[in-house]
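Everything on this sheet refers to the single structure shown next.
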Amino acid sequence: MTFEAMWRDLVPVGRSARTGGYARLPFAAAERECHAWFLEQCRARGLEVEGDGNGNVVAWWRPEGSRGGGVVTGSHLDSVPDGGAYDGPLGVVSALAALDVLRDRGFVPTRPLGVAVFVEEEGSRFGIACLGSRLATGTLSATQAQELRDRDGTALLDAMAAAGLEPSLGPSALLDGIGCFVELHVEQGRDLVHRGAAVGVASAIRPHGRYRFDFAGEANHAGTTSMADRRDPMLTYAATVLAAREQAGRTEARATFGRLDVHPGGTNAVPSRVTAWLDARAGSEEELRALVGEVERRATGHAAVDGTAVTVTAESVSPEVRFDGELAARIAEGLGGVPVVPTMAGHDAGVLSAAGVPTAMLFVRNPTGVSHSPAEHAEVEDCLAGVTALADTLGRLAG
Ligand code: HGY
Ligand code: MN
Ligand code: MN
């Protein structure tokens with residue numbers, strides 16, 4: 001099956017007719033349909049599917065005589081709410097297509113070659129970015145994960161069981177088979193556009209984190225409560241958004257409040273509570289800490305004036321990842337000297353790299369740079385160039 005045919009299979013799954021964006025929440029129907037499709041593709045190729053109790057899967061091509069640490073590629077199939085088609089699935093479909101290219105070339109790996117799918121990379125349902133790879137590597141404990149609930153209050157274990165899985169959270173034996181990992185991903189910026197390259201290699205992932213801000217105030221009547229008598233947590237939240245924007249603007253950092261929960265959510269009531277999530281990213285860990293610390297300090301200052309209270313909880317923090325420089329240089333050189341670029345986006349590849357797995361990433365050009373949006377795009381010629389680059393890379397690593 002060609003890359004284009006596989007891509008056509010996935011395009012309708014979980015797509016909103018209204019926005020054109022995707023809702024592929026982990027362990028829910030659309031993401032499970034993508035997952036079932038993936039397993040079917042693996043079966044059709046005679047791959048040996050190995051899963052773990054976290055919901056992650058690696059499908060192996062282990063020709064007789066192949067030995068040593070596996071060369072694994074892959075990505076994720078979940079999306080952000082109303083996300084794009086490429087973030088995640090491009091890496092999975094390209095992995096299968098690259099394996100086909102290698103087989104068509106008559107290539108036989110001397111090391112096992114695997115295609116991986118990690119669950120809940122976006123953290124869109126249970127809040128923790130790269131949940132599957134964090135659990136598999138032991139970066140997040142099973143005890144912490146067991147406490148996780150989605151927006152409807154469904155526990156992670158219950159969601160997994162409802163999807164027909166038999167969860168057993170924690171460090172995964174899948175990792176034992178992974179000698180190195182190469183994730184192909186749509187670029188989520190325009191570096192490759194500026195450099196006129198269809199494909200690039202990642203040098204680093206900048207540090208980033210997610211922080212929950214709980215603003216507490218006092219519920220009251222929107223008409224009868226004078227402005228002076230209010231303890232309105234929305235006011236403190238609004239000031240905090242502006243503070244974050246101003247603070248991030250002082251450097252090349254990023255600060256985004258993209259999710260908000262207002263209680264009780266009545267148009268004619270001052271809310272009693274506002275919960276908001278800050279996604280913060282920066283050039284260094286020190287800068288990230290300073291950014292979040294300053295936003296918290298200013299939020300606390302506003303709360304004192306507004307008669308509200310604020311507490312901040314770090315939900316998931318990802319330290320800076322510098323990919324294996326020698327490996328990145330070797331891959332870039334092997335692809336004819338493609339650019340090596342850093343990114344502000346997080347990936348399972350970063351979690352594996354931080355856990356000591358030799359890891360690399362390939363990026364495929366995104367003409368607008370737009371991502372986490374229905375408008376996310378990559379031209380098919382660039383996707384095919386990505387498949388060839390991935391096949392070449394895997395061939396060199398597993399040859
Ligand atoms: O949020 C991120 O950086 C990634 O796209 N999951
Ligand atoms: Mn993403
Ligand atoms: Mn992704």
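Following the order of the structure tokens, first chain is A, next is B, and so on, with residues numbered from 1 inside each chain and ligands from 1 in the order they appear.
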Leaving out A:Glu246 and any residue of its chain fewer than 6 positions from it, which residues lie within 12 Å of it when counting only C-alpha atoms, given as a list in words? Ala239, Thr240, Glu252, Ala253, Arg254, Ala255, Thr256, Leu291, Glu294, Val295 and Arg298 of chain A
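Based on only C-alpha atoms and all ligand atoms, the protein and nucleic acid residues found within 6 Å of ligand 3 are, by chain and then by number, Asp87, Gly88 and His347 of chain A.
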Set out as CSV a contact list for chain A and ligand 1 with a cut-off of 8 Å, giving each residue of chain A that qualifies its closest atom pair and distance in Å to one decimal, counting only C-alpha atoms and all ligand atoms, ordered by chain and rising residue number.
residue,atom,partner,partner_atom_place_in_ligand_line,distance
A:Asp87,CA,ligand 1,5 (O),7.0
A:Glu121,CA,ligand 1,6 (N),5.9
A:Glu122,CA,ligand 1,6 (N),4.5
A:Gly123,CA,ligand 1,6 (N),7.6
A:Ala129,CA,ligand 1,6 (N),6.6
A:Cys130,CA,ligand 1,6 (N),7.2
A:Gln188,CA,ligand 1,5 (O),7.7
A:Met344,CA,ligand 1,3 (O),6.6
A:Ala345,CA,ligand 1,3 (O),3.3
A:Gly346,CA,ligand 1,3 (O),3.7
A:His347,CA,ligand 1,6 (N),5.6
A:Ser371,CA,ligand 1,5 (O),8.0
A:His372,CA,ligand 1,5 (O),7.1
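If you measure from each of A:Ala204, A:Ala290, A:Ala116, A:Ala375 to A:Gly325 using only C-alpha atoms, the closest one turns out to be A:Ala204.
Around A:Gly209, within 7 Å and counting only C-alpha atoms, the residues found are A:Asp279, A:Ala280, A:Arg281, A:Ser316, A:Val317, A:Ser318, once anything fewer than 4 positions away on its own chain is removed.
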I need the residues from that last selection saved to file as an mmCIF file, in the first residue's frame (with N, CA and C atoms), if you can.
data_model
loop_
_atom_site.group_PDB
_atom_site.id
_atom_site.type_symbol
_atom_site.label_atom_id
_atom_site.label_comp_id
_atom_site.auth_asym_id
_atom_site.auth_seq_id
_atom_site.Cartn_x
_atom_site.Cartn_y
_atom_site.Cartn_z
ATOM 1 N N ASP A 279 0.908 26.876 29.329
ATOM 2 C CA ASP A 279 1.933 26.130 28.604
ATOM 3 C C ASP A 279 3.084 27.107 28.406
ATOM 4 N N ALA A 280 4.237 26.786 29.007
ATOM 5 C CA ALA A 280 5.378 27.708 28.939
ATOM 6 C C ALA A 280 6.591 27.007 28.342
ATOM 7 N N ARG A 281 7.327 27.722 27.523
ATOM 8 C CA ARG A 281 8.512 27.159 26.864
ATOM 9 C C ARG A 281 9.581 28.246 26.798
ATOM 10 N N SER A 316 3.262 18.816 34.163
ATOM 11 C CA SER A 316 4.334 18.044 33.532
ATOM 12 C C SER A 316 5.389 19.007 33.020
ATOM 13 N N VAL A 317 6.621 18.735 33.376
ATOM 14 C CA VAL A 317 7.730 19.597 32.967
ATOM 15 C C VAL A 317 8.727 18.741 32.188
ATOM 16 N N SER A 318 9.148 19.240 31.045
ATOM 17 C CA SER A 318 10.090 18.497 30.199
ATOM 18 C C SER A 318 11.386 19.286 30.112
#
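Neighbouring residues of A:Arg195 at 10 Å or closer, counting only C-alpha atoms and skipping chain neighbours under 5 positions away, are Arg190, Gly200, Val338, Pro339 and Arg365 of chain A.
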For C-alpha atoms, I'd like the residues from the last selection saved as a CSV table (one decimal), in the first residue's frame.
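Output contents, as saved in part25.csv:
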chain,number,residue,atom,x,y,z
A,190,ARG,CA,9.1,27.4,9.3
A,200,GLY,CA,15.7,18.4,8.4
A,338,VAL,CA,20.1,18.6,5.3
A,339,PRO,CA,19.7,21.3,8.0
A,365,ARG,CA,8.6,20.9,5.9
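One distance worth recording is that between atom CA of A:Arg15 and atom CA of A:Val72, which is 28.5 Å.
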DSSP on the backbone, then: every residue of stretch 145-312 of chain A marked strand (DSSP E), written as a ChimeraX atom specification. /A:178-186,199-205,208-216,220-221,254-263,269-270,273-281,309-312
Within 9 Å of stretch 51-65 of chain A, counting only C-alpha atoms, which residues qualify if same-chain residues fewer than 6 places away don't, as a PyMOL selection string? chain A and resi 27+39+42-43+45+72+74+99+108-119+131-133+135-136+160+165-174
Given the selection you just returned, output its residues as a file containing N, CA, C and O atoms, formatted as a short mmCIF file (atom, residue, chain, number, x, y, z; two decimals), in the first residue's frame.
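Ended up saving to again_35.cif:
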data_model
loop_
_atom_site.label_atom_id
_atom_site.label_comp_id
_atom_site.auth_asym_id
_atom_site.auth_seq_id
_atom_site.Cartn_x
_atom_site.Cartn_y
_atom_site.Cartn_z
N PHE A 27 -7.69 6.57 23.69
CA PHE A 27 -8.59 5.52 24.20
C PHE A 27 -10.06 5.79 23.86
O PHE A 27 -10.93 5.09 24.35
N LEU A 39 -2.71 -1.61 13.51
CA LEU A 39 -2.48 -3.05 13.78
C LEU A 39 -2.76 -3.88 12.53
O LEU A 39 -2.04 -4.84 12.23
N CYS A 42 0.10 -3.61 10.22
CA CYS A 42 1.23 -4.42 10.73
C CYS A 42 1.00 -5.89 10.39
O CYS A 42 1.93 -6.58 9.95
N ARG A 43 -0.24 -6.35 10.62
CA ARG A 43 -0.56 -7.75 10.30
C ARG A 43 -0.33 -8.01 8.82
O ARG A 43 0.27 -9.02 8.44
N ARG A 45 1.71 -6.77 6.90
CA ARG A 45 3.15 -6.81 6.59
C ARG A 45 3.87 -7.93 7.33
O ARG A 45 5.10 -8.01 7.29
N VAL A 72 14.15 1.53 15.91
CA VAL A 72 12.70 1.75 15.98
C VAL A 72 12.36 3.15 15.49
O VAL A 72 13.06 4.12 15.78
N GLY A 74 8.64 5.69 14.47
CA GLY A 74 7.21 5.79 14.77
C GLY A 74 6.89 7.10 15.45
O GLY A 74 7.75 7.98 15.56
N LEU A 99 9.37 1.27 5.73
CA LEU A 99 9.63 -0.17 5.81
C LEU A 99 9.34 -0.84 4.45
O LEU A 99 10.11 -1.68 3.98
N VAL A 108 17.55 -6.26 3.85
CA VAL A 108 17.23 -7.12 4.99
C VAL A 108 18.02 -6.60 6.19
O VAL A 108 19.26 -6.59 6.16
N PRO A 109 17.32 -6.14 7.23
CA PRO A 109 18.06 -5.55 8.36
C PRO A 109 18.85 -6.59 9.15
O PRO A 109 18.39 -7.73 9.30
N THR A 110 19.99 -6.16 9.63
CA THR A 110 20.77 -7.07 10.50
C THR A 110 20.36 -6.87 11.96
O THR A 110 20.71 -7.67 12.81
N ARG A 111 19.65 -5.76 12.21
CA ARG A 111 19.09 -5.53 13.55
C ARG A 111 17.57 -5.51 13.41
O ARG A 111 17.07 -5.11 12.35
N PRO A 112 16.81 -5.92 14.43
CA PRO A 112 15.35 -5.84 14.33
C PRO A 112 14.93 -4.41 14.03
O PRO A 112 15.55 -3.46 14.52
N LEU A 113 13.89 -4.29 13.22
CA LEU A 113 13.41 -2.96 12.85
C LEU A 113 11.97 -2.83 13.35
O LEU A 113 11.14 -3.70 13.07
N GLY A 114 11.67 -1.80 14.10
CA GLY A 114 10.35 -1.69 14.72
C GLY A 114 9.63 -0.41 14.36
O GLY A 114 10.26 0.61 14.06
N VAL A 115 8.30 -0.49 14.38
CA VAL A 115 7.46 0.70 14.19
C VAL A 115 6.65 0.88 15.48
O VAL A 115 5.89 -0.02 15.87
N ALA A 116 6.83 2.04 16.11
CA ALA A 116 6.20 2.26 17.42
C ALA A 116 5.06 3.26 17.34
O ALA A 116 5.10 4.21 16.54
N VAL A 117 4.05 3.03 18.17
CA VAL A 117 3.02 4.04 18.40
C VAL A 117 2.91 4.25 19.91
O VAL A 117 2.65 3.30 20.65
N PHE A 118 3.15 5.47 20.33
CA PHE A 118 3.02 5.81 21.75
C PHE A 118 1.66 6.47 21.99
O PHE A 118 1.18 7.24 21.15
N VAL A 119 1.05 6.19 23.16
CA VAL A 119 -0.28 6.74 23.42
C VAL A 119 -0.20 8.10 24.13
O VAL A 119 0.77 8.40 24.82
N LEU A 131 2.35 10.94 27.77
CA LEU A 131 2.01 10.03 28.88
C LEU A 131 2.54 8.62 28.64
O LEU A 131 3.13 8.00 29.54
N GLY A 132 2.33 8.08 27.42
CA GLY A 132 2.74 6.70 27.12
C GLY A 132 4.24 6.50 27.26
O GLY A 132 4.70 5.55 27.90
N SER A 133 5.01 7.41 26.68
CA SER A 133 6.47 7.23 26.74
C SER A 133 7.01 7.56 28.13
O SER A 133 7.98 6.97 28.59
N LEU A 135 5.45 6.88 30.94
CA LEU A 135 5.20 5.68 31.75
C LEU A 135 6.18 4.58 31.36
O LEU A 135 6.76 3.92 32.23
N ALA A 136 6.37 4.39 30.06
CA ALA A 136 7.24 3.31 29.58
C ALA A 136 8.67 3.47 30.09
O ALA A 136 9.34 2.49 30.42
N MET A 160 -8.83 3.12 29.73
CA MET A 160 -8.09 2.06 29.02
C MET A 160 -8.91 0.77 29.00
O MET A 160 -9.01 0.11 27.96
N LEU A 165 -8.47 -2.55 26.66
CA LEU A 165 -7.09 -2.86 27.04
C LEU A 165 -7.05 -3.46 28.44
O LEU A 165 -8.00 -3.31 29.22
N GLU A 166 -5.95 -4.13 28.73
CA GLU A 166 -5.76 -4.63 30.10
C GLU A 166 -4.59 -3.86 30.68
O GLU A 166 -3.44 -4.26 30.54
N PRO A 167 -4.88 -2.72 31.30
CA PRO A 167 -3.79 -1.85 31.73
C PRO A 167 -2.91 -2.44 32.82
O PRO A 167 -3.41 -3.13 33.71
N SER A 168 -1.63 -2.18 32.68
CA SER A 168 -0.67 -2.50 33.73
C SER A 168 0.40 -1.42 33.58
O SER A 168 1.34 -1.54 32.81
N LEU A 169 0.16 -0.31 34.30
CA LEU A 169 0.98 0.88 34.08
C LEU A 169 2.38 0.72 34.66
O LEU A 169 2.56 0.05 35.67
N GLY A 170 3.34 1.34 34.00
CA GLY A 170 4.70 1.37 34.56
C GLY A 170 5.75 1.08 33.52
O GLY A 170 5.45 0.91 32.34
N PRO A 171 7.02 1.05 33.98
CA PRO A 171 8.15 0.83 33.06
C PRO A 171 7.91 -0.38 32.18
O PRO A 171 7.39 -1.40 32.62
N SER A 172 8.29 -0.23 30.92
CA SER A 172 7.87 -1.19 29.91
C SER A 172 9.05 -2.00 29.37
O SER A 172 10.10 -1.44 29.05
N ALA A 173 8.80 -3.31 29.20
CA ALA A 173 9.82 -4.18 28.61
C ALA A 173 10.04 -3.84 27.14
O ALA A 173 11.06 -4.23 26.56
N LEU A 174 9.09 -3.08 26.55
CA LEU A 174 9.28 -2.66 25.14
C LEU A 174 10.59 -1.91 24.98
O LEU A 174 11.25 -2.01 23.96
#
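With only C-alpha atoms and all ligand atoms as the basis for measurement, A:Leu77 is the residue among A:Leu77, A:Val312, A:Val270, A:Val201 that approaches ligand 2 most closely.
Closest approach to A:Thr2 among A:Leu242, A:Ala328, A:Val321, A:Cys383: A:Cys383, based on only C-alpha atoms.
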Counting only C-alpha atoms and all ligand atoms, closest pick from A:Ala198, A:Leu90, A:Leu362, A:Val292 relative to ligand 2 is A:Leu90
